[in-house]
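Everything below belongs to work12.csv, which stores CSV, N, CA and C atoms.
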```
chain,number,residue,atom,x,y,z
A,7,MET,N,-49.9,-43.1,-25.8
A,7,MET,CA,-49.2,-42.7,-24.6
A,7,MET,C,-47.8,-42.1,-25.0
A,8,ASP,N,-47.4,-41.1,-24.3
A,8,ASP,CA,-46.1,-40.5,-24.6
A,8,ASP,C,-45.0,-41.2,-23.8
A,9,SER,N,-44.0,-41.7,-24.4
A,9,SER,CA,-43.0,-42.5,-23.8
A,9,SER,C,-42.0,-41.5,-23.0
A,10,LYS,N,-41.7,-41.8,-21.8
A,10,LYS,CA,-40.9,-41.0,-20.9
A,10,LYS,C,-39.6,-41.7,-20.7
A,11,LYS,N,-38.5,-41.0,-20.4
A,11,LYS,CA,-37.3,-41.6,-20.0
A,11,LYS,C,-37.2,-41.5,-18.5
A,12,VAL,N,-37.0,-42.7,-17.9
A,12,VAL,CA,-37.1,-42.8,-16.4
A,12,VAL,C,-35.8,-43.5,-15.9
A,13,VAL,N,-35.2,-42.9,-14.9
A,13,VAL,CA,-34.0,-43.6,-14.3
A,13,VAL,C,-34.5,-44.1,-12.9
A,14,VAL,N,-34.3,-45.3,-12.6
A,14,VAL,CA,-34.6,-45.9,-11.3
A,14,VAL,C,-33.3,-46.3,-10.7
A,15,VAL,N,-33.1,-45.8,-9.5
A,15,VAL,CA,-31.9,-46.1,-8.7
A,15,VAL,C,-32.2,-47.1,-7.6
A,16,GLY,N,-31.6,-48.3,-7.7
A,16,GLY,CA,-32.0,-49.3,-6.7
A,16,GLY,C,-32.8,-50.4,-7.4
A,17,CYS,N,-32.4,-51.6,-7.4
A,17,CYS,CA,-33.1,-52.7,-8.1
A,17,CYS,C,-33.5,-53.8,-7.1
A,18,GLY,N,-34.0,-53.3,-6.0
A,18,GLY,CA,-34.5,-54.3,-5.0
A,18,GLY,C,-36.0,-54.6,-5.4
A,19,ARG,N,-36.8,-54.9,-4.4
A,19,ARG,CA,-38.2,-55.3,-4.6
A,19,ARG,C,-38.9,-54.1,-5.3
A,20,LEU,N,-38.8,-52.9,-4.7
A,20,LEU,CA,-39.5,-51.8,-5.2
A,20,LEU,C,-38.9,-51.3,-6.6
A,21,GLY,N,-37.6,-51.1,-6.6
A,21,GLY,CA,-37.0,-50.6,-7.9
A,21,GLY,C,-37.2,-51.5,-9.0
A,22,SER,N,-37.1,-52.8,-8.8
A,22,SER,CA,-37.3,-53.8,-9.9
A,22,SER,C,-38.7,-53.8,-10.4
A,23,THR,N,-39.7,-53.7,-9.5
A,23,THR,CA,-41.1,-53.6,-9.8
A,23,THR,C,-41.4,-52.4,-10.6
A,24,VAL,N,-40.9,-51.3,-10.2
A,24,VAL,CA,-41.2,-50.0,-10.9
A,24,VAL,C,-40.6,-50.0,-12.2
A,25,ALA,N,-39.3,-50.4,-12.3
A,25,ALA,CA,-38.6,-50.5,-13.6
A,25,ALA,C,-39.3,-51.4,-14.6
A,26,SER,N,-39.6,-52.6,-14.1
A,26,SER,CA,-40.3,-53.6,-15.0
A,26,SER,C,-41.6,-53.1,-15.5
A,27,ASP,N,-42.4,-52.5,-14.6
A,27,ASP,CA,-43.8,-52.0,-15.0
A,27,ASP,C,-43.7,-50.9,-15.9
A,28,LEU,N,-42.7,-49.9,-15.7
A,28,LEU,CA,-42.6,-48.8,-16.6
A,28,LEU,C,-42.1,-49.3,-18.0
A,29,SER,N,-41.2,-50.2,-18.0
A,29,SER,CA,-40.7,-50.8,-19.3
A,29,SER,C,-41.9,-51.5,-20.0
A,30,ALA,N,-42.7,-52.2,-19.3
A,30,ALA,CA,-43.8,-52.9,-19.9
A,30,ALA,C,-44.8,-51.9,-20.5
A,31,ASN,N,-44.9,-50.7,-19.9
A,31,ASN,CA,-45.8,-49.7,-20.4
A,31,ASN,C,-45.2,-48.8,-21.5
A,32,GLY,N,-44.0,-49.2,-22.0
A,32,GLY,CA,-43.5,-48.5,-23.1
A,32,GLY,C,-42.5,-47.4,-22.8
A,33,HIS,N,-42.1,-47.2,-21.6
A,33,HIS,CA,-41.2,-46.1,-21.2
A,33,HIS,C,-39.8,-46.6,-21.4
A,34,ARG,N,-38.9,-45.6,-21.6
A,34,ARG,CA,-37.5,-45.9,-21.7
A,34,ARG,C,-36.9,-45.9,-20.3
A,35,VAL,N,-36.4,-47.0,-19.8
A,35,VAL,CA,-36.0,-47.1,-18.4
A,35,VAL,C,-34.5,-47.5,-18.3
A,36,ILE,N,-33.9,-46.8,-17.4
A,36,ILE,CA,-32.5,-47.1,-17.0
A,36,ILE,C,-32.5,-47.4,-15.5
A,37,VAL,N,-32.0,-48.6,-15.2
A,37,VAL,CA,-32.0,-49.0,-13.8
A,37,VAL,C,-30.5,-49.1,-13.3
A,38,ILE,N,-30.2,-48.5,-12.2
A,38,ILE,CA,-28.9,-48.5,-11.7
A,38,ILE,C,-28.8,-49.2,-10.3
A,39,ASP,N,-27.9,-50.1,-10.1
A,39,ASP,CA,-27.7,-50.7,-8.8
A,39,ASP,C,-26.2,-51.1,-8.7
A,40,THR,N,-25.8,-51.2,-7.4
A,40,THR,CA,-24.4,-51.5,-7.1
A,40,THR,C,-24.1,-52.9,-7.4
A,41,ARG,N,-25.1,-53.8,-7.4
A,41,ARG,CA,-24.8,-55.2,-7.6
A,41,ARG,C,-25.5,-55.8,-8.8
A,42,GLU,N,-24.8,-56.4,-9.7
A,42,GLU,CA,-25.3,-56.9,-10.9
A,42,GLU,C,-26.4,-58.0,-10.6
A,43,SER,N,-26.2,-58.8,-9.5
A,43,SER,CA,-27.2,-59.8,-9.2
A,43,SER,C,-28.6,-59.2,-8.9
A,44,SER,N,-28.7,-57.9,-8.6
A,44,SER,CA,-30.0,-57.3,-8.3
A,44,SER,C,-30.9,-57.3,-9.5
A,45,PHE,N,-30.2,-57.2,-10.7
A,45,PHE,CA,-31.0,-57.2,-11.9
A,45,PHE,C,-31.8,-58.5,-12.2
A,46,ASP,N,-31.5,-59.5,-11.4
A,46,ASP,CA,-32.2,-60.8,-11.6
A,46,ASP,C,-33.7,-60.6,-11.1
A,47,LYS,N,-34.0,-59.6,-10.4
A,47,LYS,CA,-35.3,-59.3,-9.9
A,47,LYS,C,-36.2,-58.7,-11.0
A,48,LEU,N,-35.6,-58.2,-12.1
A,48,LEU,CA,-36.4,-57.6,-13.1
A,48,LEU,C,-37.2,-58.6,-13.9
A,49,ALA,N,-38.3,-58.2,-14.4
A,49,ALA,CA,-39.2,-59.1,-15.2
A,49,ALA,C,-38.4,-59.5,-16.4
A,50,GLN,N,-38.7,-60.7,-16.9
A,50,GLN,CA,-38.0,-61.2,-18.1
A,50,GLN,C,-38.3,-60.3,-19.3
A,51,SER,N,-39.4,-59.7,-19.3
A,51,SER,CA,-39.8,-58.8,-20.4
A,51,SER,C,-39.1,-57.4,-20.3
A,52,TYR,N,-38.4,-57.1,-19.3
A,52,TYR,CA,-37.7,-55.8,-19.1
A,52,TYR,C,-36.8,-55.5,-20.3
A,53,SER,N,-37.0,-54.4,-20.9
A,53,SER,CA,-36.3,-54.1,-22.1
A,53,SER,C,-35.4,-52.8,-22.0
A,54,GLY,N,-35.3,-52.3,-20.8
A,54,GLY,CA,-34.5,-51.1,-20.6
A,54,GLY,C,-33.0,-51.4,-20.4
A,55,TYR,N,-32.3,-50.4,-19.9
A,55,TYR,CA,-30.8,-50.5,-19.7
A,55,TYR,C,-30.6,-50.9,-18.2
A,56,LYS,N,-29.4,-51.5,-18.0
A,56,LYS,CA,-29.0,-51.9,-16.6
A,56,LYS,C,-27.6,-51.4,-16.5
A,57,ILE,N,-27.3,-50.6,-15.4
A,57,ILE,CA,-26.0,-50.1,-15.2
A,57,ILE,C,-25.6,-50.5,-13.8
A,58,VAL,N,-24.4,-51.2,-13.7
A,58,VAL,CA,-23.9,-51.5,-12.4
A,58,VAL,C,-23.0,-50.4,-12.0
A,59,GLY,N,-23.3,-49.8,-10.8
A,59,GLY,CA,-22.5,-48.6,-10.3
A,59,GLY,C,-23.2,-48.0,-9.1
A,60,ASP,N,-22.5,-47.1,-8.5
A,60,ASP,CA,-22.9,-46.4,-7.4
A,60,ASP,C,-23.5,-45.0,-7.9
A,61,ALA,N,-24.8,-44.9,-7.8
A,61,ALA,CA,-25.5,-43.7,-8.3
A,61,ALA,C,-25.2,-42.4,-7.5
A,62,VAL,N,-24.6,-42.6,-6.3
A,62,VAL,CA,-24.1,-41.4,-5.6
A,62,VAL,C,-23.0,-40.7,-6.3
A,63,GLU,N,-22.3,-41.5,-7.1
A,63,GLU,CA,-21.1,-40.9,-7.8
A,63,GLU,C,-21.6,-40.3,-9.1
A,64,TYR,N,-21.2,-39.0,-9.3
A,64,TYR,CA,-21.6,-38.3,-10.5
A,64,TYR,C,-21.3,-39.0,-11.8
A,65,GLN,N,-20.1,-39.7,-11.8
A,65,GLN,CA,-19.7,-40.4,-13.0
A,65,GLN,C,-20.7,-41.5,-13.4
A,66,THR,N,-21.2,-42.2,-12.4
A,66,THR,CA,-22.2,-43.3,-12.7
A,66,THR,C,-23.5,-42.7,-13.4
A,67,LEU,N,-24.0,-41.6,-12.8
A,67,LEU,CA,-25.1,-40.9,-13.4
A,67,LEU,C,-24.8,-40.4,-14.8
A,68,ALA,N,-23.6,-39.9,-15.0
A,68,ALA,CA,-23.3,-39.4,-16.3
A,68,ALA,C,-23.2,-40.5,-17.3
A,69,GLU,N,-22.6,-41.7,-16.9
A,69,GLU,CA,-22.6,-42.9,-17.7
A,69,GLU,C,-24.0,-43.3,-18.1
A,70,ALA,N,-24.9,-43.1,-17.2
A,70,ALA,CA,-26.3,-43.5,-17.5
A,70,ALA,C,-27.0,-42.6,-18.5
A,71,ASP,N,-26.3,-41.5,-18.8
A,71,ASP,CA,-26.8,-40.5,-19.8
A,71,ASP,C,-28.2,-40.0,-19.4
A,72,ILE,N,-28.2,-39.5,-18.2
A,72,ILE,CA,-29.5,-39.1,-17.6
A,72,ILE,C,-29.8,-37.6,-17.9
A,73,ASP,N,-29.0,-36.9,-18.6
A,73,ASP,CA,-29.2,-35.5,-18.9
A,73,ASP,C,-30.6,-35.2,-19.4
A,74,ASP,N,-31.2,-36.1,-20.2
A,74,ASP,CA,-32.5,-35.8,-20.8
A,74,ASP,C,-33.6,-36.7,-20.2
A,75,ALA,N,-33.3,-37.2,-18.9
A,75,ALA,CA,-34.4,-38.0,-18.3
A,75,ALA,C,-35.5,-37.1,-17.8
A,76,ASP,N,-36.7,-37.7,-17.9
A,76,ASP,CA,-37.9,-37.0,-17.4
A,76,ASP,C,-38.1,-37.1,-15.9
A,77,PHE,N,-37.7,-38.3,-15.4
A,77,PHE,CA,-37.9,-38.6,-14.0
A,77,PHE,C,-36.7,-39.4,-13.5
A,78,LEU,N,-36.5,-39.2,-12.2
A,78,LEU,CA,-35.5,-40.1,-11.5
A,78,LEU,C,-36.2,-40.5,-10.2
A,79,PHE,N,-36.2,-41.8,-10.0
A,79,PHE,CA,-36.8,-42.4,-8.7
A,79,PHE,C,-35.6,-43.0,-8.0
A,80,ALA,N,-35.3,-42.5,-6.8
A,80,ALA,CA,-34.3,-43.1,-5.9
A,80,ALA,C,-35.0,-44.0,-5.0
A,81,ALA,N,-34.8,-45.3,-5.2
A,81,ALA,CA,-35.6,-46.4,-4.5
A,81,ALA,C,-34.7,-47.4,-3.8
A,82,THR,N,-33.5,-46.9,-3.3
A,82,THR,CA,-32.7,-47.8,-2.5
A,82,THR,C,-33.3,-48.0,-1.1
A,83,THR,N,-32.7,-48.8,-0.3
A,83,THR,CA,-33.2,-49.0,1.0
A,83,THR,C,-32.5,-48.1,2.0
A,84,GLU,N,-31.7,-47.2,1.5
A,84,GLU,CA,-30.9,-46.3,2.4
A,84,GLU,C,-31.4,-44.8,2.2
A,85,ASP,N,-32.0,-44.2,3.2
A,85,ASP,CA,-32.4,-42.8,3.1
A,85,ASP,C,-31.3,-41.9,2.7
A,86,ASN,N,-30.1,-42.0,3.3
A,86,ASN,CA,-29.0,-41.1,3.0
A,86,ASN,C,-28.6,-41.2,1.5
A,87,THR,N,-28.6,-42.4,1.0
A,87,THR,CA,-28.2,-42.6,-0.4
A,87,THR,C,-29.3,-42.0,-1.3
A,88,ASN,N,-30.5,-42.2,-1.0
A,88,ASN,CA,-31.6,-41.7,-1.8
A,88,ASN,C,-31.6,-40.1,-1.8
A,89,LEU,N,-31.3,-39.5,-0.7
A,89,LEU,CA,-31.2,-38.1,-0.6
A,89,LEU,C,-30.1,-37.6,-1.4
A,90,MET,N,-28.9,-38.2,-1.3
A,90,MET,CA,-27.7,-37.8,-2.1
A,90,MET,C,-28.0,-37.9,-3.6
A,91,VAL,N,-28.5,-39.1,-4.0
A,91,VAL,CA,-28.7,-39.3,-5.4
A,91,VAL,C,-29.8,-38.3,-6.0
A,92,ALA,N,-30.8,-38.0,-5.2
A,92,ALA,CA,-31.8,-37.1,-5.6
A,92,ALA,C,-31.3,-35.7,-5.7
A,93,GLN,N,-30.4,-35.3,-4.8
A,93,GLN,CA,-29.8,-34.0,-4.9
A,93,GLN,C,-29.0,-33.8,-6.1
A,94,VAL,N,-28.1,-34.8,-6.4
A,94,VAL,CA,-27.2,-34.7,-7.5
A,94,VAL,C,-28.0,-34.7,-8.8
A,95,ALA,N,-29.1,-35.5,-8.9
A,95,ALA,CA,-29.9,-35.5,-10.1
A,95,ALA,C,-30.6,-34.2,-10.3
A,96,LYS,N,-31.1,-33.6,-9.3
A,96,LYS,CA,-31.8,-32.3,-9.4
A,96,LYS,C,-30.8,-31.2,-9.7
A,97,LYS,N,-29.7,-31.1,-8.9
A,97,LYS,CA,-28.9,-30.0,-9.0
A,97,LYS,C,-27.9,-30.0,-10.2
A,98,PHE,N,-27.3,-31.1,-10.5
A,98,PHE,CA,-26.3,-31.2,-11.6
A,98,PHE,C,-26.9,-31.7,-12.9
A,99,PHE,N,-28.0,-32.4,-12.9
A,99,PHE,CA,-28.6,-32.9,-14.2
A,99,PHE,C,-29.9,-32.3,-14.5
A,100,ASN,N,-30.4,-31.4,-13.6
A,100,ASN,CA,-31.6,-30.6,-13.8
A,100,ASN,C,-32.8,-31.5,-14.2
A,101,ILE,N,-32.9,-32.7,-13.6
A,101,ILE,CA,-34.1,-33.5,-13.9
A,101,ILE,C,-35.3,-32.9,-13.2
A,102,GLY,N,-36.3,-32.7,-14.0
A,102,GLY,CA,-37.5,-32.0,-13.5
A,102,GLY,C,-38.2,-32.7,-12.3
A,103,THR,N,-38.4,-33.9,-12.4
A,103,THR,CA,-39.2,-34.7,-11.4
A,103,THR,C,-38.2,-35.7,-10.8
A,104,VAL,N,-37.9,-35.5,-9.5
A,104,VAL,CA,-37.1,-36.4,-8.7
A,104,VAL,C,-37.9,-36.8,-7.5
A,105,VAL,N,-38.0,-38.1,-7.3
A,105,VAL,CA,-38.8,-38.7,-6.2
A,105,VAL,C,-37.9,-39.7,-5.5
A,106,ALA,N,-37.9,-39.5,-4.2
A,106,ALA,CA,-37.0,-40.4,-3.3
A,106,ALA,C,-37.9,-41.2,-2.3
A,107,ARG,N,-37.6,-42.4,-2.2
A,107,ARG,CA,-38.1,-43.2,-1.1
A,107,ARG,C,-37.5,-42.8,0.2
A,108,VAL,N,-38.3,-42.7,1.2
A,108,VAL,CA,-37.7,-42.3,2.5
A,108,VAL,C,-38.4,-43.2,3.6
A,109,TYR,N,-37.6,-44.0,4.3
A,109,TYR,CA,-38.2,-44.8,5.3
A,109,TYR,C,-38.6,-44.1,6.6
A,110,ASP,N,-37.7,-43.2,7.0
A,110,ASP,CA,-38.0,-42.4,8.2
A,110,ASP,C,-38.8,-41.2,7.9
A,111,PRO,N,-40.1,-41.2,8.3
A,111,PRO,CA,-41.0,-40.1,7.9
A,111,PRO,C,-40.6,-38.8,8.5
A,112,HIS,N,-39.7,-38.8,9.6
A,112,HIS,CA,-39.2,-37.6,10.1
A,112,HIS,C,-38.2,-36.9,9.2
A,113,ARG,N,-37.7,-37.6,8.3
A,113,ARG,CA,-36.7,-37.0,7.4
A,113,ARG,C,-37.4,-36.4,6.1
A,114,GLU,N,-38.7,-36.6,6.0
A,114,GLU,CA,-39.3,-36.0,4.8
A,114,GLU,C,-39.2,-34.5,4.7
A,115,VAL,N,-39.1,-33.8,5.8
A,115,VAL,CA,-39.0,-32.4,5.8
A,115,VAL,C,-37.6,-32.0,5.2
A,116,ILE,N,-36.6,-32.8,5.4
A,116,ILE,CA,-35.3,-32.5,4.8
A,116,ILE,C,-35.3,-32.6,3.3
A,117,TYR,N,-35.9,-33.6,2.8
A,117,TYR,CA,-36.1,-33.8,1.4
A,117,TYR,C,-36.9,-32.6,0.8
A,118,LYS,N,-37.9,-32.3,1.4
A,118,LYS,CA,-38.8,-31.2,0.9
A,118,LYS,C,-38.0,-29.9,0.9
A,119,ASP,N,-37.2,-29.6,1.9
A,119,ASP,CA,-36.4,-28.4,1.9
A,119,ASP,C,-35.5,-28.3,0.6
A,120,PHE,N,-35.1,-29.5,0.1
A,120,PHE,CA,-34.3,-29.5,-1.1
A,120,PHE,C,-35.1,-29.6,-2.4
A,121,GLY,N,-36.4,-29.5,-2.2
A,121,GLY,CA,-37.3,-29.6,-3.4
A,121,GLY,C,-37.5,-31.0,-4.0
A,122,ILE,N,-37.3,-32.0,-3.2
A,122,ILE,CA,-37.4,-33.4,-3.6
A,122,ILE,C,-38.7,-34.0,-3.1
A,123,LYS,N,-39.4,-34.6,-4.0
A,123,LYS,CA,-40.7,-35.2,-3.6
A,123,LYS,C,-40.3,-36.6,-3.0
A,124,THR,N,-41.2,-37.0,-2.1
A,124,THR,CA,-40.9,-38.2,-1.3
A,124,THR,C,-42.1,-39.2,-1.4
A,125,ILE,N,-41.7,-40.5,-1.2
A,125,ILE,CA,-42.7,-41.5,-0.9
A,125,ILE,C,-42.2,-42.2,0.3
A,126,SER,N,-43.0,-42.3,1.3
A,126,SER,CA,-42.6,-43.0,2.5
A,126,SER,C,-43.4,-44.2,2.7
A,127,PRO,N,-42.8,-45.4,2.6
A,127,PRO,CA,-43.6,-46.6,2.8
A,127,PRO,C,-44.1,-46.7,4.2
A,128,THR,N,-43.4,-46.1,5.2
A,128,THR,CA,-43.9,-46.1,6.6
A,128,THR,C,-45.1,-45.3,6.7
A,129,ARG,N,-45.1,-44.1,6.1
A,129,ARG,CA,-46.2,-43.2,6.2
A,129,ARG,C,-47.4,-43.7,5.4
A,130,LEU,N,-47.2,-44.3,4.2
A,130,LEU,CA,-48.3,-44.9,3.4
A,130,LEU,C,-48.9,-46.0,4.2
A,131,SER,N,-48.1,-46.9,4.8
A,131,SER,CA,-48.7,-48.0,5.6
A,131,SER,C,-49.5,-47.5,6.8
A,132,SER,N,-48.9,-46.5,7.5
A,132,SER,CA,-49.6,-46.0,8.6
A,132,SER,C,-51.0,-45.4,8.2
A,133,ASP,N,-51.0,-44.7,7.1
A,133,ASP,CA,-52.2,-44.1,6.6
A,133,ASP,C,-53.3,-45.2,6.3
A,134,VAL,N,-52.8,-46.3,5.7
A,134,VAL,CA,-53.8,-47.4,5.4
A,134,VAL,C,-54.3,-48.0,6.7
A,135,PHE,N,-53.4,-48.2,7.7
A,135,PHE,CA,-53.9,-48.8,8.9
A,135,PHE,C,-54.9,-47.8,9.6
A,136,GLN,N,-54.6,-46.5,9.6
A,136,GLN,CA,-55.5,-45.5,10.2
A,136,GLN,C,-56.9,-45.5,9.5
A,137,ASN,N,-56.9,-45.7,8.2
A,137,ASN,CA,-58.1,-45.7,7.4
A,137,ASN,C,-58.9,-47.0,7.8
A,138,ILE,N,-58.3,-48.1,8.0
A,138,ILE,CA,-59.0,-49.3,8.4
A,138,ILE,C,-59.7,-49.1,9.8
A,139,VAL,N,-59.0,-48.5,10.7
A,139,VAL,CA,-59.5,-48.2,12.0
A,139,VAL,C,-60.7,-47.2,12.0
A,140,SER,N,-60.6,-46.3,11.1
A,140,SER,CA,-61.6,-45.2,11.0
A,140,SER,C,-63.0,-45.7,10.6
```
Give the structure from the file, written as structure tokens.
Amino acid sequence: MDSKKVVVVGCGRLGSTVASDLSANGHRVIVIDTRESSFDKLAQSYSGYKIVGDAVEYQTLAEADIDDADFLFAATTEDNTNLMVAQVAKKFFNIGTVVARVYDPHREVIYKDFGIKTISPTRLSSDVFQNIVS
């Protein structure tokens, strides 16, 4: 397997799971969160980097040395934060694959207009429920 450099913004339930799993699979992971205590959610085997800071700020992303990242996943619980982080990562750092979590499925079109891929837990859950009924 080819090791990739992945930046995960937000270390809540989703971000910590993604970062821990990617790290366990041999990828180089950098996780950014505004609260140091959020890193407690990472698996004990997590071997990546942890940066305390606001990823909306250019300086925090620069400190994370994301210039050569293959992927950035914006996984905070705030749609606006995820959109801003994703835009900065794509526009200023030229990260090829940027994916943002979006809670409000109506906002997905805004992300797509900026060329940002999205994952909507609301949409995914609705699709699963629809499939169960079908």
For this session: Determine, counting only N, CA and C atoms, which protein, DNA and RNA residues have an atom within 6.5 Å of an atom of A:Ala61; residues of the same chain fewer than 6 positions away are not included. Present the result as a list in words.
Result: Ile38, Asp39, Thr40, Leu67 and Val91 of chain A
Exercise. What is the atom CA of A:Ile72-atom CA of A:Val24 distance in Å, reported with one decimal?
Worked result: 17.3 Å
For this session: Pick out each residue of chain A that DSSP on the backbone tags as alpha helix (DSSP H); I need them as a PyMOL selection string.
Result: chain A and resi 19-30+64-69+85-99+114-119+127-139
For this session: Within 8 Å of stretch 115-129 of chain A, counting only C-alpha atoms, which residues show up once you throw out same-chain ones fewer than 4 positions away? Write them as a ChimeraX atom specification, please.
Result: /A:89,92-93,103-111,133
Seminar exercise, completed: In Å and to one decimal, atom N of A:Lys97 is distant from atom N of A:Ser29 by 24.1 Å
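Among the candidates A:Ala70, A:Leu48, A:Val15, A:Val134, the residue lying nearest to A:Asn88 is A:Val15 (atoms considered: only C-alpha atoms).
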Problem set entry | Near-A:Arg34 list (8 Å; all atoms listed in the file; drop same-chain fewer than 6 positions) as a PyMOL selection string | chain A and resi 8-13+28+53-55
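By only C-alpha atoms, and with residues fewer than 6 positions from A:Ser51 along its chain excluded, the set lying at most 10 Å from it is Ser26, Asp27, Ser29 and Ala30 of chain A.
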For this session: Excluding A:Arg19 and any residue of its chain fewer than 6 positions from it, enumerate the residues within 12 Å of it, using only C-alpha atoms, and give them as number ranges by chain.
Result: A: 25-26, 44-49, 81-83
Exercise. Which protein, DNA or RNA residues are at most 8 Å from (-30.5, -35.4, -19.3) in the file's coordinates when you count only C-alpha atoms, listed as a ChimeraX atom specification?
Worked result: /A:71-76,99-101
For this session: Looking only at strand (DSSP E or B) from DSSP on the backbone, list the matching residues of chain A as a PyMOL selection string.
Result: chain A and resi 11-15+34-39+55-58+77-80+103-107+123-125
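Atom CA of A:Asp60 to atom C of A:His112 spans 24.5 Å [interatomic distance, one decimal].
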